[in-house]
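Engineer: Input: one structure, supplied below.
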Amino acid sequence: MSTARTTGTTSAAGKAGPAGPAGPVRAAARPATRSARPVRIGPRAAAALVLVTLIGIVAFGWPLLADRQSGLAHSQDAPWLFAALLPLLVAVVVATIADNGMDAKAVAMLGVLAAVGAALRPLGAGTAGLEPMFFLMVLSGRVLGPGFGFVLGSVTMFASALLTGGVGPWMPFQMLALGWFSLGAGLLPGPDRIRGRWELGMLAAYGFVGSFAYGTIMNLQGWVILQGMGQGVSFHPGDPVPQNLARFVAYCLATSLGWDLGRAALTVVLTLTLGATLLKALRRATRKAAFDAPISFDSGV
């Protein structure tokens with residue numbers, strides 16, 4: 001009897017010896033460790049994201065191709081962009097839900113993270129470009145995926161504009177730019193390939209570069225409507241695109257380099273100091289929410 005019990009225990013532990021009846025049953029009963037997976041992007045959600053990105057590129061870049069007689073006031077096209085952006089954001093969410101990528105738990109997490117991001121923005125008040133919500137967008141996009149990240153960035157900017165009174169013709173452009181910023185974090189190499197300190201370093205580097213990219217894109221929105229600046233930095237409607245782009249680079253270096261550097265530096269510092277804790281919390285919440293779990297209905301009552 002004692003020999004049989006020892007043999008069964010040895011087999012259950014995975015060592016050499018004949019498998020007892022309790023060994024395989026005991027091993028199968030152990031729950032597998034579940035990894036946190038981002039919100040999945042289906043074909044319809046991807047198509048909606050591509051469409052809103054194309055509209056955003058046209059909205060930011062059309063003045064560079066306009067002639068001298070065209071009205072170059074983003075205050076005129078901003079309401080049209082906002083009217084197109086809102087239904088497209090809803091379309092991304094609806095398409096993700098239809099593709100079984102987002103459920104009520106994901107929508108609830110979207111609301112919580114957007115509220116936290118909106119509350120973080122007034123802490124810096126835009127002083128020297130210090131905006132602490134950018135590091136939250138990097139980590140959220142990393143854990144929850146590019147589609148979720150784009151919607152989160154846009155909704156967070158919209159909510160923060162209402163909170164801080166920053167509603168104006170620039171708001172839809174800010175929503176697009178921050179949405180792209182969060183989407184890019186979700187497109188970085190997956191956590192199954194890069195983890196630990198290397199992951200934090202990668203996210204900090206992305207936050208640094210992405211902060212400058214956000215500032216540069218937003219400069220393009222305001223630069224084309226500013227007049228009366230020096231010949232070397234002013235936008236000249238109808239001039240060749242390379243000449244205007246050279247003036248635009250000079251404008252960015254002269255006016256916004258310090259602001260973008262402050263935003264980038266704060267994003268790097270917060271990512272390196274708080275990133276590991278927040279990544280762990282977001283992944284734990286995502287794992288418990290089980291966004292990728294298949295939905296089934298029991299026919300029996």
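To be explicit about the labels: the chains of the structure tokens are called A, B, and onward in the order shown, and within each one the residues are counted from 1, while ligands get numbers from 1 in the order they are shown.
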Can you tell me, as a short mmCIF file (atom, residue, chain, number, x, y, z; two decimals) with N, CA, C and O atoms, in the first residue's frame, what residues are no more than 6 Å from A:Thr267 when counting only C-alpha atoms, ignoring any on the same chain fewer than 4 positions away?
Structural biologist:
data_model
loop_
_atom_site.label_atom_id
_atom_site.label_comp_id
_atom_site.auth_asym_id
_atom_site.auth_seq_id
_atom_site.Cartn_x
_atom_site.Cartn_y
_atom_site.Cartn_z
N PHE A 135 1.98 59.96 -20.31
CA PHE A 135 2.56 58.67 -19.92
C PHE A 135 1.47 57.63 -19.70
O PHE A 135 1.66 56.44 -19.96
N GLY A 207 7.68 57.33 -25.75
CA GLY A 207 7.06 58.52 -25.18
C GLY A 207 7.84 59.77 -25.51
O GLY A 207 7.25 60.83 -25.76
N THR A 271 7.26 57.44 -16.90
CA THR A 271 7.25 56.07 -17.41
C THR A 271 8.28 55.21 -16.69
O THR A 271 8.00 54.06 -16.32
#
Engineer: Could you list, as an NGL selection string, every residue within 10 Å of A:Phe148, counting only C-alpha atoms and ignoring same-chain residues fewer than 6 positions away?
Structural biologist: :A and (38-41 or 92-93 or 96 or 101-102 or 106-107 or 110 or 140-142 or 179 or 182-183 or 186)
Engineer: Okay, now the selection with all heavy atoms, as a compact mmCIF listing (two decimals), in the first residue's frame?
Structural biologist:
# COMPACT_ATOMS: atom_id res chain seq x y z
N PRO A 38 -4.53 42.23 -25.17
CA PRO A 38 -5.19 43.51 -25.49
C PRO A 38 -6.54 43.29 -26.15
O PRO A 38 -6.89 42.17 -26.56
CB PRO A 38 -4.19 44.16 -26.46
CG PRO A 38 -3.47 43.02 -27.09
CD PRO A 38 -3.37 41.96 -26.01
N VAL A 39 -7.29 44.37 -26.25
CA VAL A 39 -8.57 44.32 -26.95
C VAL A 39 -8.30 44.06 -28.43
O VAL A 39 -7.52 44.78 -29.07
CB VAL A 39 -9.33 45.65 -26.76
CG1 VAL A 39 -10.63 45.64 -27.55
CG2 VAL A 39 -9.61 45.88 -25.28
N ARG A 40 -8.91 43.05 -28.96
CA ARG A 40 -8.63 42.62 -30.33
C ARG A 40 -9.23 43.59 -31.34
O ARG A 40 -10.31 44.13 -31.14
CB ARG A 40 -9.20 41.21 -30.55
CG ARG A 40 -8.87 40.60 -31.89
CD ARG A 40 -9.36 39.17 -31.94
NE ARG A 40 -10.81 39.11 -31.81
CZ ARG A 40 -11.64 39.18 -32.86
NH1 ARG A 40 -11.15 39.33 -34.08
NH2 ARG A 40 -12.94 39.10 -32.68
N ILE A 41 -8.52 43.81 -32.45
CA ILE A 41 -9.02 44.62 -33.55
C ILE A 41 -9.44 43.70 -34.68
O ILE A 41 -8.63 42.95 -35.22
CB ILE A 41 -7.94 45.60 -34.07
CG1 ILE A 41 -7.53 46.58 -32.98
CG2 ILE A 41 -8.45 46.38 -35.27
CD1 ILE A 41 -6.50 47.57 -33.44
N VAL A 92 -15.59 53.12 -34.65
CA VAL A 92 -14.49 52.26 -34.19
C VAL A 92 -14.94 51.42 -33.01
O VAL A 92 -14.68 50.21 -32.95
CB VAL A 92 -13.26 53.11 -33.82
CG1 VAL A 92 -12.19 52.24 -33.18
CG2 VAL A 92 -12.70 53.81 -35.05
N VAL A 93 -15.64 52.05 -32.05
CA VAL A 93 -16.11 51.31 -30.88
C VAL A 93 -17.13 50.26 -31.27
O VAL A 93 -17.06 49.09 -30.85
CB VAL A 93 -16.69 52.28 -29.83
CG1 VAL A 93 -17.27 51.51 -28.65
CG2 VAL A 93 -15.63 53.25 -29.35
N THR A 96 -15.52 47.41 -33.10
CA THR A 96 -14.77 46.55 -32.18
C THR A 96 -15.71 45.65 -31.39
O THR A 96 -15.42 44.48 -31.16
CB THR A 96 -13.93 47.41 -31.22
OG1 THR A 96 -13.14 48.32 -31.97
CG2 THR A 96 -13.01 46.54 -30.38
N GLY A 101 -14.38 42.29 -29.88
CA GLY A 101 -13.15 42.75 -29.27
C GLY A 101 -13.37 43.61 -28.04
O GLY A 101 -12.44 43.84 -27.28
N MET A 102 -14.57 44.12 -27.84
CA MET A 102 -14.84 45.00 -26.72
C MET A 102 -16.21 44.69 -26.16
O MET A 102 -17.19 44.57 -26.89
CB MET A 102 -14.76 46.47 -27.17
CG MET A 102 -14.90 47.49 -26.05
SD MET A 102 -14.77 49.22 -26.63
CE MET A 102 -13.04 49.28 -27.09
N ALA A 106 -14.75 46.32 -21.12
CA ALA A 106 -13.78 47.16 -21.81
C ALA A 106 -14.27 48.60 -21.91
O ALA A 106 -13.49 49.55 -21.76
CB ALA A 106 -13.51 46.60 -23.21
N VAL A 107 -15.58 48.79 -22.15
CA VAL A 107 -16.13 50.14 -22.20
C VAL A 107 -16.02 50.82 -20.84
O VAL A 107 -15.70 52.02 -20.74
CB VAL A 107 -17.59 50.10 -22.68
CG1 VAL A 107 -18.24 51.47 -22.59
CG2 VAL A 107 -17.68 49.57 -24.11
N LEU A 110 -12.49 51.86 -20.42
CA LEU A 110 -12.27 53.04 -21.24
C LEU A 110 -12.72 54.30 -20.52
O LEU A 110 -12.02 55.31 -20.51
CB LEU A 110 -13.01 52.88 -22.58
CG LEU A 110 -13.02 54.09 -23.51
CD1 LEU A 110 -11.62 54.36 -24.04
CD2 LEU A 110 -13.99 53.86 -24.67
N SER A 140 -1.37 52.66 -21.36
CA SER A 140 -2.68 52.10 -21.68
C SER A 140 -2.70 51.54 -23.09
O SER A 140 -3.24 50.45 -23.34
CB SER A 140 -3.77 53.17 -21.52
OG SER A 140 -3.80 53.65 -20.20
N GLY A 141 -2.14 52.29 -24.04
CA GLY A 141 -2.07 51.77 -25.40
C GLY A 141 -1.24 50.52 -25.50
O GLY A 141 -1.55 49.60 -26.26
N ARG A 142 -0.16 50.45 -24.69
CA ARG A 142 0.71 49.27 -24.69
C ARG A 142 -0.04 48.02 -24.23
O ARG A 142 0.05 46.96 -24.84
CB ARG A 142 1.90 49.55 -23.76
CG ARG A 142 2.75 48.35 -23.42
CD ARG A 142 3.45 47.82 -24.63
NE ARG A 142 4.45 46.82 -24.28
CZ ARG A 142 5.10 46.10 -25.18
NH1 ARG A 142 4.86 46.26 -26.47
NH2 ARG A 142 6.00 45.22 -24.80
N GLY A 179 -4.96 60.52 -30.17
CA GLY A 179 -5.38 59.18 -30.56
C GLY A 179 -4.28 58.44 -31.30
O GLY A 179 -4.01 57.26 -31.03
N SER A 182 -1.52 57.36 -28.78
CA SER A 182 -1.85 56.15 -28.02
C SER A 182 -1.88 54.92 -28.90
O SER A 182 -1.49 53.83 -28.48
CB SER A 182 -3.20 56.33 -27.32
OG SER A 182 -3.19 57.47 -26.50
N LEU A 183 -2.35 55.08 -30.13
CA LEU A 183 -2.37 53.96 -31.07
C LEU A 183 -0.96 53.44 -31.35
O LEU A 183 -0.73 52.23 -31.41
CB LEU A 183 -3.05 54.40 -32.37
CG LEU A 183 -3.20 53.37 -33.50
CD1 LEU A 183 -4.50 53.62 -34.27
CD2 LEU A 183 -2.02 53.40 -34.46
N GLY A 186 0.35 51.01 -28.88
CA GLY A 186 -0.19 49.67 -29.02
C GLY A 186 0.41 48.88 -30.16
O GLY A 186 0.24 47.65 -30.24
Engineer: Hey, can you check how far atom CA of A:Ile57 sits from atom CA of A:Leu220?
Structural biologist: 11.1 Å
Engineer: So, with only C-alpha atoms as the atoms that count, which of A:Arg284, A:Thr216, A:Ala289, A:Val116 lies closest to A:Ala104?
Structural biologist: A:Ala289
Engineer: For A:Val249, list every protein, DNA or RNA residue within 12 Å, evaluated using only C-alpha atoms, and leave out those in the same chain fewer than 6 positions away; present the list as a PyMOL selection string.
Structural biologist: chain A and resi 216-217+219-220+223+232-235+242-243+255-257
Engineer: I'd like the interatomic distance between atom CA of A:Pro43 and atom CA of A:Trp180, to a tenth of an Å.
Structural biologist: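 These atoms are spaced 18.5 Å apart.
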Engineer: May I ask for the distance between atom CA of A:Phe208 and atom CA of A:Pro191, given in Å to one decimal place?
Structural biologist: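 Result for atom CA of A:Phe208 versus atom CA of A:Pro191: 19.6 Å, one decimal.
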Engineer: Quick one: which stretch 107-211 of chain A residues come within 9 Å of stretch 81-89 of chain A, and what is the nearest atom pair for each with the distance in Å to one decimal, counting only C-alpha atoms, rows ordered by chain and ascending number, as a Markdown table?
Structural biologist:
| residue | atom | partner | partner_atom | distance |
| --- | --- | --- | --- | --- |
| A:Phe150 | CA | A:Leu89 | CA | 8.8 |
| A:Val151 | CA | A:Leu89 | CA | 6.5 |
| A:Ser154 | CA | A:Leu89 | CA | 8.1 |
| A:Val155 | CA | A:Leu89 | CA | 8.7 |
| A:Pro169 | CA | A:Phe82 | CA | 8.9 |
| A:Met171 | CA | A:Phe82 | CA | 8.2 |
| A:Pro172 | CA | A:Phe82 | CA | 5.3 |
| A:Phe173 | CA | A:Leu81 | CA | 8.2 |
| A:Met175 | CA | A:Leu85 | CA | 8.8 |
| A:Leu176 | CA | A:Leu85 | CA | 8.3 |
Engineer: So, with only C-alpha atoms as the atoms that count, which of A:Gln174, A:Thr164, A:Ser211, A:Thr156 lies closest to A:Gly258?
Structural biologist: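 Closest to A:Gly258, using only C-alpha atoms: A:Ser211.
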Engineer: For a quick check of understanding, using only C-alpha atoms, which of A:Phe248, A:Phe134, A:Phe158, A:Trp198 has the smallest distance to A:Tyr214?
Structural biologist: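 When distances to A:Tyr214 are compared using only C-alpha atoms, the smallest one comes from A:Phe134.
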